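Coordinates from structure28.txt are shown below (compact mmCIF, N, CA and C atoms).
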```txt
# COMPACT_ATOMS: atom_id res chain seq x y z
N MET A 1 93.23 192.50 150.68
CA MET A 1 94.59 192.98 150.47
C MET A 1 94.55 194.47 150.16
N PRO A 2 95.60 195.14 150.52
CA PRO A 2 95.66 196.57 150.20
C PRO A 2 95.83 196.78 148.68
N ARG A 3 95.36 197.88 148.20
CA ARG A 3 95.37 198.16 146.76
C ARG A 3 96.80 198.17 146.17
N PRO A 4 97.81 198.75 146.83
CA PRO A 4 99.16 198.72 146.23
C PRO A 4 99.70 197.30 146.04
N VAL A 5 99.38 196.42 146.97
CA VAL A 5 99.84 195.03 146.83
C VAL A 5 99.17 194.38 145.62
N LEU A 6 97.87 194.63 145.43
CA LEU A 6 97.16 194.09 144.28
C LEU A 6 97.74 194.61 142.97
N GLN A 7 98.14 195.87 142.96
CA GLN A 7 98.73 196.44 141.74
C GLN A 7 100.08 195.79 141.43
N VAL A 8 100.87 195.51 142.46
CA VAL A 8 102.17 194.86 142.25
C VAL A 8 101.95 193.44 141.72
N VAL A 9 101.00 192.70 142.28
CA VAL A 9 100.73 191.33 141.83
C VAL A 9 100.21 191.35 140.39
N ALA A 10 99.32 192.29 140.06
CA ALA A 10 98.79 192.38 138.70
C ALA A 10 99.88 192.72 137.70
N SER A 11 100.78 193.62 138.07
CA SER A 11 101.87 193.98 137.15
C SER A 11 102.84 192.81 136.98
N ALA A 12 103.09 192.03 138.03
CA ALA A 12 103.97 190.85 137.90
C ALA A 12 103.35 189.82 136.96
N ILE A 13 102.05 189.63 137.05
CA ILE A 13 101.36 188.68 136.15
C ILE A 13 101.43 189.19 134.71
N ALA A 14 101.24 190.50 134.51
CA ALA A 14 101.30 191.07 133.16
C ALA A 14 102.70 190.91 132.57
N VAL A 15 103.75 191.14 133.37
CA VAL A 15 105.13 190.99 132.89
C VAL A 15 105.39 189.53 132.52
N ALA A 16 104.90 188.59 133.32
CA ALA A 16 105.10 187.17 133.01
C ALA A 16 104.40 186.79 131.70
N CYS A 17 103.20 187.32 131.46
CA CYS A 17 102.48 187.02 130.22
C CYS A 17 103.22 187.59 129.01
N LEU A 18 103.66 188.83 129.10
CA LEU A 18 104.38 189.44 127.98
C LEU A 18 105.71 188.72 127.74
N GLY A 19 106.40 188.31 128.79
CA GLY A 19 107.65 187.58 128.62
C GLY A 19 107.44 186.24 127.95
N ALA A 20 106.39 185.52 128.31
CA ALA A 20 106.11 184.23 127.68
C ALA A 20 105.77 184.42 126.21
N PHE A 21 104.99 185.45 125.88
CA PHE A 21 104.65 185.70 124.48
C PHE A 21 105.90 186.04 123.67
N THR A 22 106.76 186.87 124.25
CA THR A 22 107.98 187.27 123.55
C THR A 22 108.89 186.07 123.31
N LEU A 23 109.07 185.22 124.31
CA LEU A 23 109.89 184.02 124.12
C LEU A 23 109.30 183.11 123.06
N GLY A 24 107.98 182.98 123.02
CA GLY A 24 107.34 182.15 122.01
C GLY A 24 107.57 182.68 120.61
N VAL A 25 107.55 184.01 120.45
CA VAL A 25 107.76 184.61 119.13
C VAL A 25 109.21 184.41 118.68
N PHE A 26 110.15 184.62 119.57
CA PHE A 26 111.56 184.53 119.17
C PHE A 26 112.06 183.10 119.00
N THR A 27 111.47 182.14 119.67
CA THR A 27 111.95 180.75 119.56
C THR A 27 111.16 179.94 118.54
N ALA A 28 110.18 180.52 117.88
CA ALA A 28 109.40 179.81 116.86
C ALA A 28 110.27 179.61 115.62
N PRO A 29 110.04 178.51 114.87
CA PRO A 29 110.82 178.31 113.64
C PRO A 29 110.50 179.41 112.63
N ALA A 30 111.45 179.66 111.74
CA ALA A 30 111.30 180.75 110.78
C ALA A 30 110.10 180.53 109.87
N ARG A 31 109.93 179.34 109.36
CA ARG A 31 108.81 179.06 108.45
C ARG A 31 108.35 177.64 108.72
N SER A 32 107.07 177.49 108.90
CA SER A 32 106.54 176.15 109.15
C SER A 32 105.66 175.72 107.98
N ARG A 33 105.30 174.44 107.97
CA ARG A 33 104.49 173.89 106.89
C ARG A 33 103.01 174.10 107.19
N LEU A 34 102.26 174.24 106.16
CA LEU A 34 100.81 174.28 106.27
C LEU A 34 100.26 172.88 106.02
N PRO A 35 99.06 172.59 106.45
CA PRO A 35 98.49 171.27 106.17
C PRO A 35 98.41 171.04 104.67
N GLY A 36 98.89 169.89 104.24
CA GLY A 36 98.89 169.55 102.83
C GLY A 36 100.23 169.80 102.17
N ASP A 37 101.09 170.63 102.75
CA ASP A 37 102.42 170.85 102.19
C ASP A 37 103.31 169.68 102.54
N GLY A 38 104.14 169.27 101.61
CA GLY A 38 105.06 168.18 101.86
C GLY A 38 106.30 168.69 102.58
N PRO A 39 107.03 167.81 103.24
CA PRO A 39 108.26 168.23 103.89
C PRO A 39 109.31 168.62 102.86
N VAL A 40 110.10 169.63 103.17
CA VAL A 40 111.11 170.14 102.26
C VAL A 40 112.44 170.20 103.00
N GLY A 41 113.52 169.91 102.28
CA GLY A 41 114.85 170.03 102.87
C GLY A 41 115.51 168.67 103.07
N LYS A 42 116.68 168.72 103.67
CA LYS A 42 117.46 167.51 103.86
C LYS A 42 116.79 166.54 104.83
N SER A 43 116.11 167.05 105.82
CA SER A 43 115.47 166.17 106.80
C SER A 43 114.20 165.53 106.25
N ALA A 44 113.77 165.94 105.03
CA ALA A 44 112.54 165.42 104.47
C ALA A 44 112.75 164.15 103.66
N GLU A 45 113.98 163.72 103.48
CA GLU A 45 114.25 162.52 102.69
C GLU A 45 113.68 161.29 103.39
N VAL A 46 113.09 160.41 102.59
CA VAL A 46 112.53 159.19 103.12
C VAL A 46 113.66 158.18 103.30
N LEU A 47 113.76 157.64 104.46
CA LEU A 47 114.81 156.67 104.75
C LEU A 47 114.37 155.29 104.29
N GLN A 48 115.24 154.60 103.62
CA GLN A 48 114.97 153.24 103.18
C GLN A 48 115.94 152.30 103.90
N ALA A 49 115.41 151.44 104.71
CA ALA A 49 116.24 150.50 105.44
C ALA A 49 116.22 149.18 104.68
N ALA A 50 117.40 148.71 104.28
CA ALA A 50 117.49 147.48 103.49
C ALA A 50 117.20 146.25 104.34
N ASP A 51 117.53 146.29 105.60
CA ASP A 51 117.36 145.12 106.45
C ASP A 51 116.14 145.23 107.37
N ALA A 52 115.17 146.04 106.99
CA ALA A 52 113.99 146.22 107.84
C ALA A 52 113.12 144.98 107.79
N GLN A 53 112.64 144.56 108.94
CA GLN A 53 111.75 143.41 109.05
C GLN A 53 110.55 143.82 109.89
N PRO A 54 109.38 143.34 109.52
CA PRO A 54 108.21 143.70 110.34
C PRO A 54 108.29 143.04 111.71
N LEU A 55 107.73 143.72 112.69
CA LEU A 55 107.70 143.17 114.04
C LEU A 55 106.50 142.24 114.16
N ILE A 56 106.76 140.97 114.17
CA ILE A 56 105.70 139.98 114.32
C ILE A 56 106.00 139.15 115.55
N ASP A 57 105.02 138.38 115.96
CA ASP A 57 105.20 137.59 117.18
C ASP A 57 106.36 136.62 117.07
N GLU A 58 106.56 136.04 115.91
CA GLU A 58 107.63 135.06 115.76
C GLU A 58 109.00 135.71 115.97
N ARG A 59 109.17 136.92 115.48
CA ARG A 59 110.45 137.60 115.62
C ARG A 59 110.66 138.06 117.06
N ILE A 60 109.58 138.46 117.73
CA ILE A 60 109.72 138.96 119.09
C ILE A 60 109.88 137.82 120.09
N GLN A 61 109.01 136.81 119.99
CA GLN A 61 108.99 135.75 120.99
C GLN A 61 109.71 134.48 120.54
N GLY A 62 110.11 134.40 119.32
CA GLY A 62 110.72 133.17 118.82
C GLY A 62 109.66 132.33 118.13
N ALA A 63 110.12 131.32 117.40
CA ALA A 63 109.20 130.47 116.66
C ALA A 63 108.31 129.69 117.63
N ALA A 64 107.06 129.57 117.24
CA ALA A 64 106.12 128.83 118.07
C ALA A 64 106.38 127.33 117.89
N THR A 65 106.41 126.62 119.00
CA THR A 65 106.63 125.18 118.93
C THR A 65 105.40 124.47 119.46
N ALA A 66 105.09 123.37 118.83
CA ALA A 66 103.94 122.58 119.27
C ALA A 66 104.38 121.73 120.46
N ASP A 67 103.69 121.87 121.56
CA ASP A 67 104.02 121.10 122.75
C ASP A 67 103.40 119.71 122.62
N GLU A 68 104.23 118.71 122.78
CA GLU A 68 103.73 117.34 122.72
C GLU A 68 103.24 116.94 124.10
N LEU A 69 102.15 116.19 124.11
CA LEU A 69 101.57 115.76 125.37
C LEU A 69 102.27 114.50 125.88
N THR A 70 102.42 114.45 127.18
CA THR A 70 102.99 113.26 127.79
C THR A 70 101.92 112.17 127.80
N PRO A 71 102.33 110.91 127.98
CA PRO A 71 101.33 109.82 128.02
C PRO A 71 100.29 110.03 129.13
N GLU A 72 100.70 110.62 130.25
CA GLU A 72 99.75 110.86 131.34
C GLU A 72 98.70 111.90 130.92
N GLU A 73 99.14 112.96 130.24
CA GLU A 73 98.21 113.99 129.79
C GLU A 73 97.26 113.44 128.73
N GLN A 74 97.80 112.59 127.82
CA GLN A 74 96.94 111.98 126.80
C GLN A 74 95.89 111.09 127.45
N ALA A 75 96.28 110.33 128.46
CA ALA A 75 95.33 109.46 129.15
C ALA A 75 94.26 110.30 129.85
N ALA A 76 94.65 111.42 130.45
CA ALA A 76 93.68 112.28 131.12
C ALA A 76 92.69 112.87 130.13
N LEU A 77 93.17 113.29 128.95
CA LEU A 77 92.28 113.82 127.92
C LEU A 77 91.30 112.75 127.43
N GLU A 78 91.81 111.55 127.24
CA GLU A 78 90.92 110.46 126.79
C GLU A 78 89.87 110.15 127.85
N ALA A 79 90.26 110.17 129.12
CA ALA A 79 89.31 109.91 130.20
C ALA A 79 88.24 111.00 130.23
N GLU A 80 88.62 112.26 130.01
CA GLU A 80 87.64 113.34 129.97
C GLU A 80 86.67 113.15 128.81
N LYS A 81 87.19 112.75 127.65
CA LYS A 81 86.33 112.52 126.49
C LYS A 81 85.33 111.41 126.77
N LYS A 82 85.82 110.32 127.39
CA LYS A 82 84.92 109.20 127.69
C LYS A 82 83.85 109.62 128.69
N ALA A 83 84.23 110.43 129.69
CA ALA A 83 83.27 110.88 130.69
C ALA A 83 82.20 111.77 130.05
N LYS A 84 82.60 112.61 129.13
CA LYS A 84 81.65 113.46 128.43
C LYS A 84 80.70 112.63 127.57
N GLU A 85 81.25 111.62 126.89
CA GLU A 85 80.41 110.76 126.05
C GLU A 85 79.40 109.99 126.91
N GLU A 86 79.86 109.49 128.06
CA GLU A 86 78.95 108.77 128.95
C GLU A 86 77.86 109.68 129.49
N ALA A 87 78.21 110.90 129.84
CA ALA A 87 77.22 111.85 130.34
C ALA A 87 76.20 112.18 129.25
N ALA A 88 76.67 112.33 128.02
CA ALA A 88 75.76 112.62 126.92
C ALA A 88 74.84 111.43 126.67
N ALA A 89 75.39 110.21 126.73
CA ALA A 89 74.56 109.02 126.53
C ALA A 89 73.52 108.89 127.64
N LEU A 90 73.90 109.17 128.87
CA LEU A 90 72.97 109.11 129.99
C LEU A 90 71.85 110.14 129.83
N ALA A 91 72.20 111.35 129.42
CA ALA A 91 71.20 112.39 129.21
C ALA A 91 70.25 111.99 128.08
N LYS A 92 70.81 111.37 127.04
CA LYS A 92 69.97 110.93 125.92
C LYS A 92 69.02 109.83 126.38
N ALA A 93 69.51 108.91 127.22
CA ALA A 93 68.66 107.84 127.72
C ALA A 93 67.54 108.40 128.60
N GLU A 94 67.84 109.39 129.42
CA GLU A 94 66.82 110.02 130.26
C GLU A 94 65.77 110.71 129.39
N ALA A 95 66.22 111.34 128.30
CA ALA A 95 65.29 112.02 127.41
C ALA A 95 64.39 111.01 126.70
N GLU A 96 64.94 109.85 126.36
CA GLU A 96 64.16 108.82 125.66
C GLU A 96 63.15 108.16 126.60
N LYS A 97 63.41 108.18 127.90
CA LYS A 97 62.49 107.56 128.85
C LYS A 97 61.15 108.29 128.86
N GLY A 98 61.15 109.51 128.42
CA GLY A 98 59.91 110.26 128.38
C GLY A 98 59.82 111.29 129.47
N ALA A 99 60.93 111.63 130.06
CA ALA A 99 60.90 112.68 131.07
C ALA A 99 60.61 113.99 130.35
N PRO A 100 59.48 114.62 130.66
CA PRO A 100 59.15 115.84 129.95
C PRO A 100 60.12 116.96 130.30
N ALA A 101 60.37 117.77 129.33
CA ALA A 101 61.25 118.91 129.54
C ALA A 101 60.45 120.16 129.25
N GLY A 102 60.65 121.16 130.03
CA GLY A 102 59.97 122.43 129.79
C GLY A 102 59.06 122.77 130.94
N PRO A 103 58.17 123.74 130.74
CA PRO A 103 57.32 124.21 131.83
C PRO A 103 56.31 123.17 132.29
N GLU A 104 55.90 122.26 131.40
CA GLU A 104 54.90 121.28 131.81
C GLU A 104 55.46 120.27 132.81
N SER A 105 56.79 120.14 132.88
CA SER A 105 57.38 119.19 133.82
C SER A 105 57.59 119.80 135.21
N ALA A 106 57.39 121.08 135.34
CA ALA A 106 57.59 121.73 136.63
C ALA A 106 56.47 121.33 137.58
N PRO A 107 56.77 121.17 138.88
CA PRO A 107 55.72 120.79 139.82
C PRO A 107 54.70 121.93 139.96
N ALA A 108 53.47 121.53 140.21
CA ALA A 108 52.40 122.52 140.35
C ALA A 108 52.61 123.30 141.65
N LEU A 109 52.49 124.59 141.57
CA LEU A 109 52.67 125.44 142.74
C LEU A 109 51.31 125.75 143.35
N THR A 110 51.22 125.62 144.65
CA THR A 110 49.98 125.95 145.34
C THR A 110 50.07 127.37 145.85
N PRO A 111 48.99 128.14 145.77
CA PRO A 111 49.08 129.52 146.24
C PRO A 111 49.21 129.58 147.75
N VAL A 112 49.98 130.51 148.20
CA VAL A 112 50.20 130.70 149.63
C VAL A 112 49.08 131.60 150.15
N PRO A 113 48.42 131.18 151.23
CA PRO A 113 47.33 132.03 151.75
C PRO A 113 47.91 133.35 152.27
N THR A 114 47.16 134.41 152.02
CA THR A 114 47.63 135.73 152.46
C THR A 114 47.32 135.89 153.95
N PRO A 115 48.20 136.47 154.70
CA PRO A 115 47.94 136.67 156.13
C PRO A 115 46.85 137.74 156.31
N ALA A 116 46.23 137.67 157.46
CA ALA A 116 45.17 138.64 157.76
C ALA A 116 45.77 140.03 157.79
N GLU A 117 45.01 140.98 157.30
CA GLU A 117 45.52 142.35 157.24
C GLU A 117 45.66 142.90 158.66
N PRO A 118 46.76 143.58 158.92
CA PRO A 118 46.96 144.13 160.26
C PRO A 118 45.96 145.26 160.52
N ALA A 119 45.65 145.45 161.78
CA ALA A 119 44.69 146.50 162.17
C ALA A 119 45.30 147.86 161.91
N GLN A 120 44.45 148.81 161.57
CA GLN A 120 44.91 150.17 161.31
C GLN A 120 45.40 150.80 162.61
N PRO A 121 46.55 151.45 162.59
CA PRO A 121 47.03 152.12 163.82
C PRO A 121 46.12 153.29 164.15
N SER A 122 46.05 153.59 165.40
CA SER A 122 45.18 154.69 165.83
C SER A 122 45.75 156.01 165.31
N PRO A 123 44.89 156.93 164.93
CA PRO A 123 45.38 158.21 164.41
C PRO A 123 46.08 159.00 165.50
N PRO A 124 47.00 159.87 165.13
CA PRO A 124 47.71 160.66 166.15
C PRO A 124 46.74 161.61 166.85
N PRO A 125 47.08 162.02 168.04
CA PRO A 125 46.20 162.93 168.77
C PRO A 125 46.13 164.28 168.06
N PRO A 126 45.01 164.96 168.16
CA PRO A 126 44.89 166.26 167.49
C PRO A 126 45.85 167.27 168.12
N PRO A 127 46.32 168.24 167.35
CA PRO A 127 47.24 169.23 167.91
C PRO A 127 46.55 170.12 168.92
N LYS A 128 47.36 170.68 169.78
CA LYS A 128 46.81 171.58 170.80
C LYS A 128 46.29 172.84 170.12
N VAL A 129 45.36 173.46 170.72
CA VAL A 129 44.71 174.63 170.13
C VAL A 129 45.69 175.80 170.07
N GLU A 130 46.59 175.93 171.04
CA GLU A 130 47.47 177.07 171.09
C GLU A 130 48.54 177.03 169.99
N GLU A 131 48.97 175.83 169.60
CA GLU A 131 50.06 175.72 168.62
C GLU A 131 49.51 175.86 167.21
N PRO A 132 50.23 176.53 166.33
CA PRO A 132 49.79 176.60 164.95
C PRO A 132 50.01 175.23 164.28
N PRO A 133 49.15 174.82 163.37
CA PRO A 133 49.29 173.51 162.75
C PRO A 133 50.47 173.42 161.78
N PHE A 134 51.09 174.49 161.40
CA PHE A 134 52.19 174.43 160.45
C PHE A 134 53.51 174.78 161.05
```

What would the structure in this file look like if it were written as structure tokens?
Amino acid sequence: MPRPVLQVVASAIAVACLGAFTLGVFTAPARSRLPGDGPVGKSAEVLQAADAQPLIDERIQGAATADELTPEEQAALEAEKKAKEEAAALAKAEAEKGAPAGPESAPALTPVPTPAEPAQPSPPPPPKVEEPPF
């Protein structure tokens, strides 16, 4: 870019910076609080609400109600309980039979024979004498 254009752009940026600083100074509150200072003035009064209630799930969603199970659902739950008890009894019976549990019950693994090693590939041909090796 030509130098005069750069000077115009630089001066516009400088004017924008000074304008922003000036607006910040004039629109700032007259006196602010420091950390540790308490609020002062009419807006500093603590509001006490007589009818305030904490926001809890019951107030937001309504009272929780216990859902009663239908006879079909109760029968399904009982059937699941019986099936679990039968499975546990069957597992206990299998354990009492003497079926070993743990690593000693695993089948013995036989080693897999290693394949014959492949033949070495032939080395590449030597470079030509005229060409540099690098």

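Between atom C of A:Ser32 and atom C of A:Ala44 the interatomic distance comes to 14.2 Å.
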
Have a look at atom C of A:Ala12 and atom N of A:Ala30 and let me know their distance in Å, one decimal.
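For atom C of A:Ala12 relative to atom N of A:Ala30, the distance reads 28.4 Å.
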
Report, in Å with one decimal, the straight-line distance from atom C of A:Leu18 to atom C of A:Pro4.
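About the pair atom C of A:Leu18 and atom C of A:Pro4: they are 21.1 Å apart.
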